[in-house]
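For reference, the structure discussed in these notes is given below.
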Amino acid sequence: MSALVPNELLRVESLAKTFTLHLHDGALLSVVHGVSFSVMAGECVVLGGPSGVGKSSILKMVSGNYLAREGRILVADGERVVDVARAAPREILDLRRRVVGSVSQFLRVIPRVAALDIVAAAAQEAGLDREGSRARAAALLARLRLPEALWRLPPATFSGGEQQRVNVARGFAGAHRLLVLDEPTASLDADNREAVIELIAERKAEGAGFLAIFHDEDVRARVADRIVDVSRFSDREAA
Amino acid sequence: MTAPLLSVRGLCKRYGAIDACRDISFALEEGEALAIVGESGSGKTTLLNLVAGALQADSGEVVYRMRDGAARALSSLSEAERRALMRTDWGFVHQDASRGLRMNVSAGGNIGERLMAIGDRHYGRIRAAALDWLARVEIAAQRVDDPPSTYSGGMRQRLQIARNLVTGPRLVFMDEPTGGLDVSVQARLLDLLRGLIADMGLAAIIVTHDLAVARLLSHRMLVMKQGEVIESGLTDRVLDDPQAPYTQLLVSSVLAA
Amino acid sequence: MTARPYNFAYLDEQTKRMIRRAILKAIAIPGYQVPFASREMPMPYGWGTGGVQVTAAIIGPDDVLKVIDQGADDTTNAVSIRAFFAKTADVATTTDTTQATIIQTRHRVPETPLSGEQILVYQVPIPEPLRFLEPRETETRTMHALAEYGVMHVKLYEDIARHGHIATTYAYPARVADRYIMDPSPIPKFDNPKLDDCPALQLFGAGREKRIYAIPPFTRVVSLDFEDHPFERTKFDAACEFCGATDSFLDEVVIDDRGGRMFVCSDTDYCEKRRAAKTKDVAQ
């Protein structure tokens, strides 16, 4: 396993993704190939390109949600380097708990679980004790300006923006060094977007690295240190 | 990394000409929840029963890491050891709660039985433990002396869970734990299971035909078809990026509310 | 002398051997229920066929037999069985506990302590103490084999939960020689302590259920209980109306239709002896 350079949190090498649609006679849907880039500590790399080009697929491969067809996804874990493309499920789960956090575009809602508990659980998974997790969760939800009255309620009845703020808080609850964000601010208004931008900036200053997709040009401008244009690697025609 | 909690190798079971389970192998870590999904006739329940030792396999072995750290093949355990294991370190939650409960014994007696079986002889403490568990599974304390024959389906299932977990097992088998229950009752039960699995660091093997249950409860998933594992991996990966044709069919067939 | 139409003690010799083998096995494994080929007897099931078969297998011409039913020598059951052995074995019979070598009993242990020269034969309806909670014979056999007795305490737990105390007052389960749990037959729990460390051999016969079990002399027999609900011997608030005994099991007898009642010793022989002794004292 080749070593990453110091402060290199993520290196993607020649990554490729193809879907085989067995329900459509095994039609092959090639998404991307030859994708290579790095994310260093303290920087936010934004994947750019038009809709449908494969940005989300790359993010999902990095967090182990999608299988890579080819290539390597090297993640720094302390002294070790893990290739997510080849790692066992157990390893990927472990990485997700401690090293690679993610924020999806929408909150996947589970009935009955209160907003505070969702965020606190993520903190606990990352290693905080019960007390500390709840405190951290409260702090994050406050930062993201979610009304305290909502903290004890399950998010099923929240607005899209409220749900997404819970989602963001959950993603930031741990101490992950690498955070993967898929349009985290799409459903947020200006003030709430600002809160997220601040959170990202703080974490960057602490040494975390970000791999993200932002459609909003303003947010992108504020947050991105580099933009990787995925159209270079894409097999898809722009949607 | 430590050895897996449970190691299944080459498990086979035939019924005449039908291969109910064909050369199944997988490992389970401590604190890991594994879902086994498939449609009727896929062999998932047979596999569960083989692993739990309720059925005799034709070939293959199941190795379990006991509390003292020794890895023991299930087939090498005496009947006494296996039954003791089922009562203490393992749990089995049946789809039909009446199979896993004494229907005419009070809830307190049902929960306390395992404690009495391992030698607890203090009525007060046994009753306190029973009340504690009733609270944890959200059954009202005043129902402690009622038998489960007076309970609703969801309550019976929660009582079954309490009865199994009172001895702090490390591995729990579940066979369609939410099968046949109303949707709202299911949601409550699933939430309870999710919380208990997390709080108690339980390893679990959950057979279900419901992909939503698998997504909610499990870290990893096996997809079975006609006695074989046709796909396995992280639950979210298998559900979001299914590779095998049958898995793609399963995933695309589920209706969203 | 008329020719006896029956073999000695009714059963043929082969059957007696079979029963004796079962008895020996039972003595070798205290408290374990040994299956035996229960024979058709000239009284129906439920009338002591098990006890009768055990007695028939062990009785000899020199034995002296006492038969009691709920402590009394003069009730139907006791009278019939005594007559049965008198007819088929021509043995001496008695009502005096101290004179008997074999005592067959239904549902009571004599008050008078027994000696090592005596054998107590119990009539047992349901030998399996786990039956009420576990109807499957296959399962109860496995539970005994593996000493899986948690469910016995579940029964006691249920009692306490329902009544505030262990409400079982007869057929109270006990552990024999720290191994098998047995049902001592429907004797009152008052009698359970007598089973422990008894100099006499105790044999148990269930005819309908086809089981024999035994407690060898001087065997430890412990009644089940909880640490915080220990086994308690029944205490009576009254003394025997006839003999004044305060240490025997009393029957409650209704004497009129206005709720009048009195308590008398259930063990008739014990009571009579005490009365006789009192009269002697008074006379002297």
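Chain lettering (A, B, ...) mirrors the order of the structure tokens, residue numbering begins at 1 for each chain separately, and ligand numbering begins at 1 in order of display.
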
For Val105 (chain B), work out the shell of residues within 10 Å, counting only C-alpha atoms and skipping chain neighbours fewer than 5 positions away, then give it as a list in words.
Asn110, Ile111, Glu113, Asp145, Asp146, Pro147, Pro148 and Ser149 of chain B; Leu133, Val154, Lys155, Tyr157 and Glu158 of chain C

Print the selection's residues with all heavy atoms to a file, as a compact mmCIF listing (two decimals), in the first residue's frame.
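Output saved as out.txt:
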# COMPACT_ATOMS: atom_id res chain seq x y z
N ASN B 110 -41.91 -14.74 33.23
CA ASN B 110 -41.28 -14.97 31.93
C ASN B 110 -39.89 -14.34 31.88
O ASN B 110 -38.94 -14.95 31.42
CB ASN B 110 -42.13 -14.38 30.81
CG ASN B 110 -43.03 -15.42 30.17
OD1 ASN B 110 -42.55 -16.28 29.45
ND2 ASN B 110 -44.32 -15.34 30.44
N ILE B 111 -39.80 -13.09 32.33
CA ILE B 111 -38.51 -12.41 32.28
C ILE B 111 -37.56 -13.02 33.30
O ILE B 111 -36.38 -13.20 33.05
CB ILE B 111 -38.67 -10.90 32.54
CG1 ILE B 111 -39.54 -10.27 31.45
CG2 ILE B 111 -37.30 -10.23 32.59
CD1 ILE B 111 -39.85 -8.81 31.70
N GLU B 113 -37.39 -16.05 34.40
CA GLU B 113 -37.05 -17.47 34.28
C GLU B 113 -35.57 -17.71 34.00
O GLU B 113 -34.96 -18.57 34.61
CB GLU B 113 -37.88 -18.14 33.18
CG GLU B 113 -37.58 -19.62 33.08
CD GLU B 113 -38.49 -20.38 32.14
OE1 GLU B 113 -39.52 -19.82 31.73
OE2 GLU B 113 -38.16 -21.53 31.84
N ASP B 145 -47.62 -8.74 36.54
CA ASP B 145 -48.18 -10.00 37.00
C ASP B 145 -49.20 -10.58 36.03
O ASP B 145 -49.81 -11.62 36.30
CB ASP B 145 -48.84 -9.82 38.39
CG ASP B 145 -47.82 -9.46 39.45
OD1 ASP B 145 -46.70 -9.99 39.39
OD2 ASP B 145 -48.15 -8.64 40.34
N ASP B 146 -49.39 -9.91 34.90
CA ASP B 146 -50.32 -10.44 33.90
C ASP B 146 -49.58 -11.39 32.96
O ASP B 146 -48.45 -11.14 32.59
CB ASP B 146 -50.91 -9.30 33.05
CG ASP B 146 -51.78 -8.38 33.88
OD1 ASP B 146 -52.25 -8.81 34.95
OD2 ASP B 146 -51.98 -7.22 33.46
N PRO B 147 -50.26 -12.47 32.56
CA PRO B 147 -49.62 -13.37 31.61
C PRO B 147 -49.71 -12.81 30.20
O PRO B 147 -50.62 -12.03 29.91
CB PRO B 147 -50.44 -14.66 31.73
CG PRO B 147 -51.78 -14.20 32.16
CD PRO B 147 -51.60 -12.95 32.96
N PRO B 148 -48.78 -13.16 29.29
CA PRO B 148 -48.81 -12.62 27.94
C PRO B 148 -50.03 -13.03 27.13
O PRO B 148 -50.29 -12.47 26.07
CB PRO B 148 -47.53 -13.16 27.29
CG PRO B 148 -46.99 -14.18 28.20
CD PRO B 148 -47.57 -13.96 29.55
N SER B 149 -50.79 -13.98 27.63
CA SER B 149 -52.02 -14.32 26.93
C SER B 149 -52.98 -13.13 26.96
O SER B 149 -53.90 -13.04 26.15
CB SER B 149 -52.69 -15.54 27.58
OG SER B 149 -52.84 -15.35 28.96
N LEU C 133 -45.89 -27.01 34.09
CA LEU C 133 -45.38 -25.95 33.22
C LEU C 133 -44.88 -26.48 31.89
O LEU C 133 -44.78 -25.74 30.93
CB LEU C 133 -44.22 -25.20 33.90
CG LEU C 133 -44.60 -23.95 34.69
CD1 LEU C 133 -43.35 -23.23 35.17
CD2 LEU C 133 -45.43 -22.99 33.85
N VAL C 154 -39.91 -20.72 38.79
CA VAL C 154 -40.91 -19.86 38.16
C VAL C 154 -42.27 -20.11 38.81
O VAL C 154 -43.02 -19.18 39.09
CB VAL C 154 -40.98 -20.11 36.64
CG1 VAL C 154 -42.16 -19.38 36.02
CG2 VAL C 154 -39.70 -19.69 35.98
N LYS C 155 -42.55 -21.37 39.08
CA LYS C 155 -43.83 -21.71 39.71
C LYS C 155 -43.93 -21.03 41.08
O LYS C 155 -44.94 -20.44 41.43
CB LYS C 155 -43.92 -23.24 39.86
CG LYS C 155 -44.96 -23.73 40.85
CD LYS C 155 -46.30 -23.86 40.18
CE LYS C 155 -47.49 -24.27 41.00
NZ LYS C 155 -47.34 -24.93 42.21
N TYR C 157 -42.26 -18.44 42.06
CA TYR C 157 -42.34 -16.99 41.80
C TYR C 157 -43.79 -16.58 41.54
O TYR C 157 -44.27 -15.59 42.08
CB TYR C 157 -41.45 -16.63 40.60
CG TYR C 157 -41.62 -15.21 40.14
CD1 TYR C 157 -40.73 -14.21 40.52
CD2 TYR C 157 -42.71 -14.84 39.33
CE1 TYR C 157 -40.91 -12.90 40.11
CE2 TYR C 157 -42.90 -13.53 38.93
CZ TYR C 157 -42.00 -12.57 39.32
OH TYR C 157 -42.18 -11.28 38.92
N GLU C 158 -44.45 -17.37 40.71
CA GLU C 158 -45.85 -17.04 40.38
C GLU C 158 -46.71 -17.02 41.63
O GLU C 158 -47.57 -16.17 41.80
CB GLU C 158 -46.42 -18.08 39.40
CG GLU C 158 -45.82 -18.01 38.01
CD GLU C 158 -46.17 -16.73 37.29
OE1 GLU C 158 -47.29 -16.60 36.78
OE2 GLU C 158 -45.28 -15.84 37.26

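By only C-alpha atoms, and with residues fewer than 3 positions from Leu29 (chain A) along its chain excluded, the set lying at most 9 Å from it is Lys17, Thr18, Phe19, Thr20, Leu21, Asp235 and Arg236 of chain A.
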
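Proximity ranking of B:Thr2, B:Ser40, B:Ser59, B:Ser78 relative to chain C places B:Ser78 first, based on only C-alpha atoms.
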
Please determine the contact residues of chain B with respect to chain A at a cut-off of 9 Å, counting only C-alpha atoms, and supply them as a PyMOL selection string.
chain B and resi 29+32+187-188+191+216+219-220+233-238+240-246+248-249

Find the residues of chain C in contact range of chain B, meaning any atom within 7 Å when counting only C-alpha atoms, and list them as a ChimeraX atom specification.
/C:146,148-151,153-154,157-158,161,226-228

For Ile187 (chain C), work out the shell of residues within 6 Å, counting only C-alpha atoms and skipping chain neighbours fewer than 3 positions away, then give it as a ChimeraX atom specification.
/C:107-108,170-171

Write out as JSON, numbers by chain the set of residues from region 2-227 of chain A that DSSP, computed on the backbone, places in strand (DSSP E or B).
{"A": [8, 9, 10, 11, 12, 13, 14, 15, 16, 17, 18, 19, 20, 21, 27, 28, 29, 30, 31, 32, 33, 34, 35, 36, 37, 38, 39, 40, 44, 45, 46, 47, 48, 70, 71, 72, 73, 74, 75, 76, 77, 80, 81, 82, 83, 100, 101, 102, 103, 178, 179, 180, 181, 182, 209, 210, 211, 212, 213, 226, 227]}

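Note that CA of Val223 (chain A) and CA of Leu74 (chain A) are 23.5 Å apart.
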
In Å, with one decimal, what is the gap from CA of Ile119 (chain C) to CA of Glu40 (chain C)?
23.8 Å

Going by DSSP on the backbone, which residues of region 37-171 of chain B come out as alpha helix (DSSP H)? List them as JSON, numbers by chain.
{"B": [44, 45, 46, 47, 48, 49, 50, 51, 79, 80, 81, 82, 83, 84, 85, 86, 87, 88, 107, 108, 109, 110, 111, 112, 113, 114, 115, 116, 117, 123, 124, 125, 126, 127, 128, 129, 130, 131, 132, 133, 134, 135, 136, 153, 154, 155, 156, 157, 158, 159, 160, 161, 162, 163, 164, 165]}

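Close contacts of Ser80 (chain C), defined as residues with an atom at most 12 Å away when counting only C-alpha atoms, with chain neighbours fewer than 3 positions off set aside, comprise Pro42, Met43, Trp47, Gly48, Val52, Lys66, Val67, Ile68, Asp69, Asp73, Asp74, Thr75, Thr76, Asn77, Ala83, Phe84, Phe85, Ala86 and Lys87 of chain C.
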